[in-house]
Structures are given as structure tokens and as C-alpha cells.
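What follows is the content of work_24.cif (mmCIF, C-alpha atoms).
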data_structure
#
loop_
_atom_site.label_atom_id
_atom_site.label_comp_id
_atom_site.auth_asym_id
_atom_site.auth_seq_id
_atom_site.Cartn_x
_atom_site.Cartn_y
_atom_site.Cartn_z
CA MET A 1 21.47 4.60 11.04
CA ARG A 2 21.19 6.88 8.03
CA SER A 3 17.73 7.24 6.57
CA ALA A 4 15.75 8.95 3.83
CA VAL A 5 12.08 9.86 3.52
CA VAL A 6 10.62 10.00 0.02
CA VAL A 7 8.12 12.80 -0.59
CA PHE A 8 5.52 12.52 -3.35
CA PRO A 9 3.09 15.31 -4.25
CA ALA A 10 0.33 14.90 -1.60
CA SER A 11 2.38 12.82 0.81
CA ASN A 12 1.27 14.11 4.21
CA CYS A 13 3.02 11.96 6.81
CA ASP A 14 6.53 12.72 5.55
CA ARG A 15 7.14 15.16 8.38
CA ASP A 16 5.82 12.71 11.00
CA ALA A 17 8.25 10.12 9.66
CA ALA A 18 11.16 12.57 9.55
CA VAL A 19 10.51 13.78 13.13
CA ALA A 20 10.28 10.22 14.46
CA LEU A 21 13.46 9.21 12.62
CA GLU A 22 15.39 12.19 13.93
CA GLN A 23 14.13 11.64 17.48
CA MET A 24 14.98 7.96 17.40
CA THR A 25 18.32 8.07 15.56
CA GLY A 26 19.61 11.52 16.42
CA ILE A 27 20.33 12.08 12.72
CA LYS A 28 18.18 14.15 10.38
CA PRO A 29 16.89 11.97 7.53
CA HIS A 30 17.42 12.98 3.92
CA ILE A 31 14.24 14.26 2.33
CA VAL A 32 14.01 12.99 -1.25
CA TRP A 33 11.60 14.43 -3.83
CA HIS A 34 9.66 12.07 -6.12
CA ALA A 35 11.26 13.50 -9.25
CA ASP A 36 14.81 12.86 -8.00
CA SER A 37 16.53 10.09 -9.84
CA GLU A 38 18.50 8.84 -6.88
CA VAL A 39 18.09 8.27 -3.16
CA PRO A 40 21.30 9.03 -1.21
CA ASN A 41 23.17 6.04 0.19
CA VAL A 42 21.28 5.27 3.37
CA ASP A 43 20.43 2.24 5.50
CA LEU A 44 16.68 2.80 5.50
CA ILE A 45 14.27 4.35 2.98
CA VAL A 46 10.81 5.33 4.27
CA LEU A 47 7.81 5.74 1.99
CA PRO A 48 5.42 7.81 4.10
CA GLY A 49 1.66 8.01 4.39
CA GLY A 50 -0.53 10.37 2.41
CA PHE A 51 -2.32 10.41 -0.90
CA ALA A 52 0.55 10.44 -3.41
CA TYR A 53 -0.55 12.04 -6.70
CA GLY A 54 -4.03 12.35 -5.25
CA ASP A 55 -4.38 8.54 -5.36
CA TYR A 56 -5.34 9.03 -9.03
CA LEU A 57 -6.31 5.84 -10.87
CA ARG A 58 -5.61 3.67 -7.78
CA CYS A 59 -3.87 4.45 -4.53
CA GLY A 60 -0.13 4.16 -5.14
CA ALA A 61 -0.49 3.63 -8.89
CA MET A 62 1.01 6.93 -10.06
CA ALA A 63 3.68 6.96 -7.37
CA SER A 64 4.80 3.49 -8.46
CA GLN A 65 5.70 5.00 -11.84
CA SER A 66 7.68 7.93 -10.41
CA ARG A 67 11.35 8.35 -11.17
CA VAL A 68 12.51 7.95 -7.58
CA MET A 69 10.79 4.56 -7.25
CA ARG A 70 13.12 3.04 -9.85
CA ASP A 71 16.03 3.76 -7.54
CA VAL A 72 14.10 2.65 -4.44
CA LYS A 73 13.42 -0.65 -6.16
CA ALA A 74 17.04 -1.03 -7.27
CA LYS A 75 18.33 -0.24 -3.77
CA ALA A 76 15.86 -2.67 -2.18
CA GLU A 77 17.12 -5.38 -4.53
CA LYS A 78 20.62 -4.66 -3.24
CA GLY A 79 19.38 -5.16 0.32
CA VAL A 80 18.63 -1.62 1.56
CA ALA A 81 15.75 -1.68 4.08
CA VAL A 82 12.52 -0.08 2.88
CA LEU A 83 9.61 0.76 5.18
CA GLY A 84 6.27 1.67 3.57
CA ILE A 85 3.70 3.11 5.95
CA CYS A 86 0.03 3.42 4.91
CA ASN A 87 0.18 5.06 1.45
CA GLY A 88 3.79 3.84 1.36
CA PHE A 89 2.50 0.26 1.69
CA GLN A 90 0.07 0.91 -1.18
CA VAL A 91 2.97 2.19 -3.30
CA LEU A 92 5.00 -0.94 -2.49
CA THR A 93 2.20 -3.24 -3.64
CA GLU A 94 1.67 -1.19 -6.83
CA THR A 95 5.39 -1.47 -7.65
CA ARG A 96 5.09 -5.23 -6.95
CA MET A 97 7.81 -4.96 -4.33
CA LEU A 98 5.23 -6.58 -2.03
CA PRO A 99 2.53 -9.04 -3.12
CA GLY A 100 -1.22 -8.40 -3.06
CA ALA A 101 -3.15 -5.15 -3.17
CA LEU A 102 -4.90 -2.73 -0.84
CA ILE A 103 -8.52 -2.09 -1.69
CA ARG A 104 -11.35 0.00 -0.29
CA ASN A 105 -12.15 -0.65 3.38
CA ALA A 106 -14.90 -3.25 3.69
CA GLY A 107 -16.98 -0.82 5.74
CA LEU A 108 -16.47 1.91 3.10
CA LYS A 109 -15.55 4.49 5.75
CA PHE A 110 -12.21 6.16 6.23
CA VAL A 111 -11.04 4.74 9.57
CA CYS A 112 -8.98 6.92 11.87
CA ARG A 113 -8.39 5.38 15.31
CA PRO A 114 -5.89 3.37 17.34
CA VAL A 115 -5.94 -0.36 16.56
CA ALA A 116 -4.53 -3.28 18.49
CA MET A 117 -2.24 -5.70 16.69
CA THR A 118 -0.02 -8.63 17.51
CA VAL A 119 3.60 -8.86 16.42
CA GLU A 120 3.67 -12.18 14.61
CA GLU A 121 7.29 -12.28 13.51
CA THR A 122 10.46 -10.95 15.10
CA GLN A 123 13.10 -12.59 12.86
CA ASN A 124 13.72 -9.48 10.77
CA ALA A 125 15.30 -6.04 10.94
CA PHE A 126 12.00 -4.26 11.66
CA THR A 127 10.59 -6.06 14.69
CA ARG A 128 13.49 -7.82 16.43
CA LYS A 129 13.07 -5.64 19.54
CA TYR A 130 9.46 -6.72 20.04
CA ASN A 131 8.49 -9.95 21.74
CA HIS A 132 6.88 -12.61 19.59
CA GLY A 133 3.11 -12.32 20.02
CA GLN A 134 3.39 -8.92 21.72
CA ARG A 135 0.24 -6.78 21.62
CA VAL A 136 0.86 -3.24 20.34
CA VAL A 137 -1.42 -0.31 19.56
CA PHE A 138 -0.71 1.91 16.54
CA PRO A 139 -3.08 4.42 14.96
CA VAL A 140 -4.56 3.82 11.51
CA ALA A 141 -5.89 6.50 9.17
CA HIS A 142 -6.94 5.16 5.78
CA GLY A 143 -9.82 4.51 3.42
CA GLU A 144 -8.09 1.81 1.40
CA GLY A 145 -6.29 -0.55 3.71
CA ASN A 146 -8.16 -3.76 3.02
CA TYR A 147 -5.37 -6.20 2.20
CA PHE A 148 -6.27 -8.56 -0.62
CA ALA A 149 -4.29 -11.42 -2.16
CA GLU A 150 -5.11 -14.79 -3.67
CA ASP A 151 -5.36 -17.65 -1.15
CA GLU A 152 -2.16 -19.24 -2.39
CA THR A 153 -0.27 -15.95 -1.88
CA LEU A 154 -1.73 -15.64 1.63
CA ASP A 155 -0.74 -19.22 2.42
CA ARG A 156 2.75 -18.55 1.17
CA LEU A 157 3.09 -15.34 3.23
CA GLU A 158 2.01 -17.20 6.35
CA GLY A 159 4.13 -20.25 5.60
CA GLU A 160 7.24 -18.14 5.08
CA GLY A 161 6.69 -16.08 8.23
CA ARG A 162 6.14 -12.87 6.31
CA VAL A 163 2.98 -11.68 8.08
CA VAL A 164 4.64 -9.39 10.62
CA PHE A 165 1.65 -7.53 12.07
CA ARG A 166 -1.87 -8.87 12.43
CA TYR A 167 -4.88 -6.95 13.72
CA ALA A 168 -5.99 -8.29 17.10
CA PRO A 169 -9.07 -10.53 16.95
CA GLY A 170 -12.13 -8.33 16.52
CA ASP A 171 -10.09 -5.19 15.81
CA ASN A 172 -9.65 -5.52 12.04
CA PRO A 173 -10.52 -1.98 10.88
CA ASN A 174 -10.80 -2.59 7.14
CA GLY A 175 -11.67 -6.20 6.29
CA SER A 176 -8.10 -7.24 5.47
CA ALA A 177 -7.69 -10.90 4.54
CA ARG A 178 -6.61 -12.96 7.55
CA ASP A 179 -6.41 -9.74 9.63
CA ILE A 180 -3.13 -8.84 7.92
CA ALA A 181 -1.77 -5.41 8.86
CA GLY A 182 1.83 -5.66 7.68
CA ILE A 183 3.96 -7.95 5.50
CA LEU A 184 7.55 -8.52 4.44
CA ASN A 185 8.98 -9.24 1.02
CA GLU A 186 10.75 -12.50 0.33
CA LYS A 187 14.19 -11.09 1.20
CA ARG A 188 12.74 -9.65 4.43
CA ASN A 189 14.21 -6.18 3.84
CA VAL A 190 10.96 -4.49 2.71
CA LEU A 191 8.09 -4.03 5.17
CA GLY A 192 4.72 -2.52 4.34
CA LEU A 193 2.06 -1.83 6.97
CA MET A 194 -1.11 0.23 7.14
CA PRO A 195 -0.87 1.40 10.79
CA HIS A 196 1.47 4.27 11.68
CA PRO A 197 4.43 3.37 13.96
CA GLU A 198 5.92 6.86 13.50
CA ARG A 199 2.93 8.39 15.29
CA VAL A 200 3.53 6.43 18.48
CA CYS A 201 7.16 7.21 19.25
CA ASP A 202 6.58 10.06 21.69
CA PRO A 203 4.48 9.75 24.88
CA LEU A 204 3.02 13.19 24.14
CA LEU A 205 1.33 11.67 21.09
CA GLY A 206 -0.46 9.05 23.17
CA GLY A 207 1.77 6.02 22.94
CA THR A 208 5.24 4.63 22.45
CA ASP A 209 4.55 1.23 20.90
CA GLY A 210 6.18 2.32 17.64
CA ARG A 211 9.55 3.01 19.20
CA ALA A 212 10.66 -0.62 19.16
CA LEU A 213 10.27 -0.71 15.38
CA PHE A 214 12.81 2.08 14.97
CA GLU A 215 15.00 0.61 17.76
CA SER A 216 14.97 -2.67 15.85
CA LEU A 217 16.12 -0.94 12.68
CA ILE A 218 18.81 1.00 14.53
CA GLU A 219 20.13 -2.22 16.07
CA ALA A 220 19.99 -4.13 12.80
CA LEU A 221 21.32 -1.46 10.46
CA SER A 222 23.71 0.78 12.39
CA MET B 1 -8.37 5.74 -33.47
CA LYS B 2 -10.38 5.95 -30.28
CA ALA B 3 -10.31 3.37 -27.58
CA ARG B 4 -12.34 2.69 -24.49
CA VAL B 5 -10.95 0.58 -21.68
CA PHE B 6 -13.24 -0.90 -19.04
CA VAL B 7 -11.57 -1.75 -15.75
CA THR B 8 -13.60 -3.75 -13.22
CA LEU B 9 -12.86 -5.69 -10.08
CA LYS B 10 -12.33 -9.41 -10.59
CA ASN B 11 -15.08 -11.73 -9.44
CA GLY B 12 -14.53 -12.53 -5.80
CA VAL B 13 -12.89 -9.19 -4.97
CA LEU B 14 -15.08 -7.33 -2.50
CA ASP B 15 -16.65 -4.18 -3.98
CA PRO B 16 -18.04 -2.18 -1.06
CA GLN B 17 -18.79 0.79 -3.33
CA GLY B 18 -20.95 -1.38 -5.56
CA LYS B 19 -22.74 -2.68 -2.46
CA ALA B 20 -23.39 0.88 -1.24
CA ILE B 21 -24.78 1.84 -4.65
CA GLY B 22 -27.11 -1.18 -4.49
CA HIS B 23 -28.31 -0.17 -1.01
CA ALA B 24 -28.91 3.40 -2.17
CA LEU B 25 -30.93 2.19 -5.16
CA ASN B 26 -33.04 0.03 -2.85
CA GLY B 27 -33.52 3.08 -0.65
CA LEU B 28 -34.84 5.00 -3.65
CA GLY B 29 -37.49 2.33 -4.10
CA PHE B 30 -35.97 0.48 -7.06
CA GLN B 31 -37.00 -3.17 -6.81
CA GLY B 32 -35.34 -6.42 -7.74
CA ILE B 33 -31.73 -5.30 -7.78
CA GLY B 34 -29.19 -8.09 -7.42
CA GLU B 35 -25.48 -7.58 -7.04
CA VAL B 36 -24.11 -4.17 -8.10
CA ARG B 37 -20.44 -3.78 -9.06
CA GLN B 38 -18.76 -0.60 -10.18
CA GLY B 39 -15.73 0.00 -12.34
CA LYS B 40 -13.93 2.57 -14.43
CA VAL B 41 -14.07 3.66 -18.03
CA ILE B 42 -10.95 5.17 -19.60
CA ASP B 43 -11.23 6.81 -23.02
CA LEU B 44 -8.05 7.22 -25.05
CA GLU B 45 -7.18 8.73 -28.40
CA LEU B 46 -4.47 6.93 -30.33
CA SER B 47 -2.54 7.96 -33.42
CA GLU B 48 -2.10 4.28 -34.35
CA ARG B 49 -4.28 3.27 -37.32
CA ASP B 50 -3.63 -0.44 -37.28
CA GLU B 51 -6.22 -2.14 -35.11
CA ALA B 52 -4.08 -5.11 -34.11
CA LYS B 53 -1.18 -2.89 -33.13
CA ALA B 54 -3.46 -0.54 -31.21
CA HIS B 55 -4.95 -3.50 -29.37
CA ALA B 56 -1.55 -4.87 -28.46
CA SER B 57 -0.40 -1.52 -27.21
CA LEU B 58 -3.56 -1.03 -25.13
CA LYS B 59 -3.12 -4.46 -23.61
CA ASP B 60 0.38 -3.47 -22.57
CA MET B 61 -0.98 -0.23 -21.05
CA CYS B 62 -3.57 -2.20 -19.09
CA GLU B 63 -1.01 -4.64 -17.76
CA LYS B 64 1.47 -1.92 -16.81
CA LEU B 65 -0.77 0.83 -15.46
CA LEU B 66 -4.46 1.05 -16.29
CA ALA B 67 -5.44 -2.06 -14.34
CA ASN B 68 -3.96 -3.77 -11.31
CA THR B 69 -4.35 -7.34 -12.49
CA ILE B 70 -4.15 -8.70 -8.95
CA ILE B 71 -7.61 -7.27 -8.28
CA GLU B 72 -8.91 -6.02 -11.62
CA LYS B 73 -9.78 -7.27 -15.09
CA TYR B 74 -10.02 -5.17 -18.21
CA GLU B 75 -11.76 -5.07 -21.56
CA ILE B 76 -10.63 -3.11 -24.58
CA GLU B 77 -12.99 -1.59 -27.13
CA LEU B 78 -11.68 0.05 -30.31
CA LYS B 79 -13.58 2.53 -32.45
CA ALA B 80 -12.21 3.50 -35.86
#

What does this structure look like when you write it as C-alpha cells?
Amino acid sequence: MRSAVVVFPASNCDRDAAVALEQMTGIKPHIVWHADSEVPNVDLIVLPGGFAYGDYLRCGAMASQSRVMRDVKAKAEKGVAVLGICNGFQVLTETRMLPGALIRNAGLKFVCRPVAMTVEETQNAFTRKYNHGQRVVFPVAHGEGNYFAEDETLDRLEGEGRVVFRYAPGDNPNGSARDIAGILNEKRNVLGLMPHPERVCDPLLGGTDGRALFESLIEALS
Amino acid sequence: MKARVFVTLKNGVLDPQGKAIGHALNGLGFQGIGEVRQGKVIDLELSERDEAKAHASLKDMCEKLLANTIIEKYEIELKA
């Protein structure tokens, strides 16, 4: 599986993503700068965590206007898989590649801790190697991860099986509507999630629950 | 022409910052404070002299960048 990691000014999980991708696939990902007009031809594009453009105006707002995002959007429309983690998820909602928005955590605090989630959907390229309903623990580290969408959008996401990760009961760290942690687009080739799967791919980092996400992508896209 | 754009969260969208401001004001001894909601003010200078055109262009700016209309509403104020 060939992959690329997009780097915006003030991305800070780009290296984590690149290390995890190289460990899992054996191939170094392309590193693509925000001002580049094109992403190389790859199977997976990762938008990493961080604070792109200092989160000016709104988190993800400036990054959504960057040159590279035009090509990311075009490639996603052609079916290339796109994974947005944390700030990457915020960028995907700001570009309207995913519905809804991520607003300030209900508790106001920046939350940095492992959270338990359930895998709600496995009929997609990102989670096919998990078991349906499997409990996984990924770390979160964000101040604006409170997923918001109108009720009809939420109903639609649930009805179409697009809520892929849900915080375990009682472990919602940010007040997200219906405990939503990660969602798919309509074509099911774009996934955005607040927790960090790339940080739990190596036992030395305290967990390996994220490995199956990359194994799923390798199986689906190689 | 100068313009001022107010961007605020839509009714029904949780505003924890506004809540925290309200709590802090209560802590300072201010009485009788109901709901507090915070927003943004963006001041812009425009070369456009026609008010209707300026307004249309600002509306476009709000829809495309200044506000996220999923969670926010905006108001435009023009000053000659």
C-alpha cells in the first residue's frame, strides 16, 4: 500500500503517522507539503493531527483552503482512501468532505488520555480487520473534538452505517453527539476520527489496538 | 468602505466558553446573569463603494470562510 502524509504548518502528528505507516506497510510514505498542488498517486492519504495554521479562525478552517486540499478532495472523489486523524478530521469537516463540525470540548479542557471505543462498523476499508462491536483503546489529545451535527444528519449517519467508532458508554471525553468518535463519508472511502490509531501500533507505546486499522487498509488497498 | 462581521454560534449549539465566562462573572459577584454566549468580530476594509455589492461579497465571504454555517450564524454591518 502506497501512502502519503500531508503536512500543514503546525501539524505535529505527521511524524507519528509516517512512522506507523512505514512500520505497518514497510514502505516510507510520501510527505506532502500544504503548498504542493498535487499529492503523488497513492492508495491512502493521511491528514495528521496538530494545529494546522494555528487553528486560526476555526480549527481546520485555514487548512481547508490550502492548495493541497483541492487535490486531496479531487482524489477522494475518484475513490482514493483518505484518513483524517484529530486535526485531520477537523480539516475534513471544514472542507465538507465529512458532514458536521467539531466544536470546543463540552468540559472546556484539552483532554489527553486513552479512551475506550467500540467499533460499530466493519464493512469498509478502514476497519474490516476488527470484529463488529470490538472494544478498542486509542489515545485522544484535543481541545475541540466535540462532534456536532443536526439531528437529521446524525440519523442519516447512523442509518447508513457511517458511525465507525463510538466512545464506550461513560467514556465520551468531549461531549460528542451520540458518543461519535469517527465517521465515514457517503462513498465510505474517507474516514475522520478524533482518537489516534497511529499512536497505538507499537507495544512500546502502550497499546496495539490501532494496528488493525492499518492492517485493514493494507488488505483493502494493496 | 468598512465592514464588521459578527460570527456567533447558532442557538442550540453548546458554547462552553460562554458558560465559563458566565461562571467567572458570577464568581466576581455580578448578580442576575442569564445565559452568556461568546462570538467573534471581524473588521474588514473594502475598496468597494457600492453598498449592495459590498454586502453581497461579504455574504459570500461568510459562507465560504468567515463562518461555518453548520454551527455558526453571521451578521454583516457596513460603515461608509

Closest pair table for chain B residues within 7 Å of chain A, only C-alpha atoms, as CSV:
residue,atom,partner,partner_atom,distance
B:Pro16,CA,A:Ala106,CA,5.8
B:Gln17,CA,A:Leu108,CA,6.9
B:Ile70,CA,A:Gly100,CA,6.6

Quiz item: What does the PyMOL selection byres ((chain B and resi 55-67) around 9) select in this file, as a PyMOL selection string?
Solution: (chain A and resi 57-58+61-62+65) or (chain B and resi 3+5+7-8+42+50-54+68-78)

Exercise. Quote the spacing between atom CA of Gln134 of chain A and atom CA of Pro114 of chain A in Å to one decimal place.
Key: 16.0 Å

Quiz prompt | Neighbours of point (-15.3, 1.4, -37.6) within 10 Å, using only C-alpha atoms, written as a PyMOL selection string | solution = chain B and resi 1-2+78-80

Those selected residues, please, written with C-alpha atoms and delivered as a compact mmCIF listing (two decimals), in the frame of the given file.
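To be explicit, this is the file written out as out_1.txt:
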# COMPACT_ATOMS: atom_id res chain seq x y z
CA MET B 1 -8.37 5.74 -33.47
CA LYS B 2 -10.38 5.95 -30.28
CA LEU B 78 -11.68 0.05 -30.31
CA LYS B 79 -13.58 2.53 -32.45
CA ALA B 80 -12.21 3.50 -35.86

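You will find atom CA of Val19 of chain A at 14.7 Å from atom CA of Leu44 of chain A.
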
Test item: the PyMOL selection byres ((chain B and resi 22) around 12) resolved as a compact mmCIF listing (two decimals) with C-alpha atoms, in the coordinates of the input:
# COMPACT_ATOMS: atom_id res chain seq x y z
CA ASP B 15 -16.65 -4.18 -3.98
CA PRO B 16 -18.04 -2.18 -1.06
CA GLN B 17 -18.79 0.79 -3.33
CA GLY B 18 -20.95 -1.38 -5.56
CA LYS B 19 -22.74 -2.68 -2.46
CA ALA B 20 -23.39 0.88 -1.24
CA ILE B 21 -24.78 1.84 -4.65
CA HIS B 23 -28.31 -0.17 -1.01
CA ALA B 24 -28.91 3.40 -2.17
CA LEU B 25 -30.93 2.19 -5.16
CA ASN B 26 -33.04 0.03 -2.85
CA GLY B 27 -33.52 3.08 -0.65
CA LEU B 28 -34.84 5.00 -3.65
CA GLY B 29 -37.49 2.33 -4.10
CA PHE B 30 -35.97 0.48 -7.06
CA GLN B 31 -37.00 -3.17 -6.81
CA GLY B 32 -35.34 -6.42 -7.74
CA ILE B 33 -31.73 -5.30 -7.78
CA GLY B 34 -29.19 -8.09 -7.42
CA GLU B 35 -25.48 -7.58 -7.04
CA VAL B 36 -24.11 -4.17 -8.10
CA ARG B 37 -20.44 -3.78 -9.06
CA GLN B 38 -18.76 -0.60 -10.18

Practice problem: Identify all residues satisfying the PyMOL selection byres ((chain A and resi 4-17) around 9) in the given file; provide them as a PyMOL selection string. | Solution: chain A and resi 2-3+18-22+28-35+39-55+63+66+68+85+87+197-199
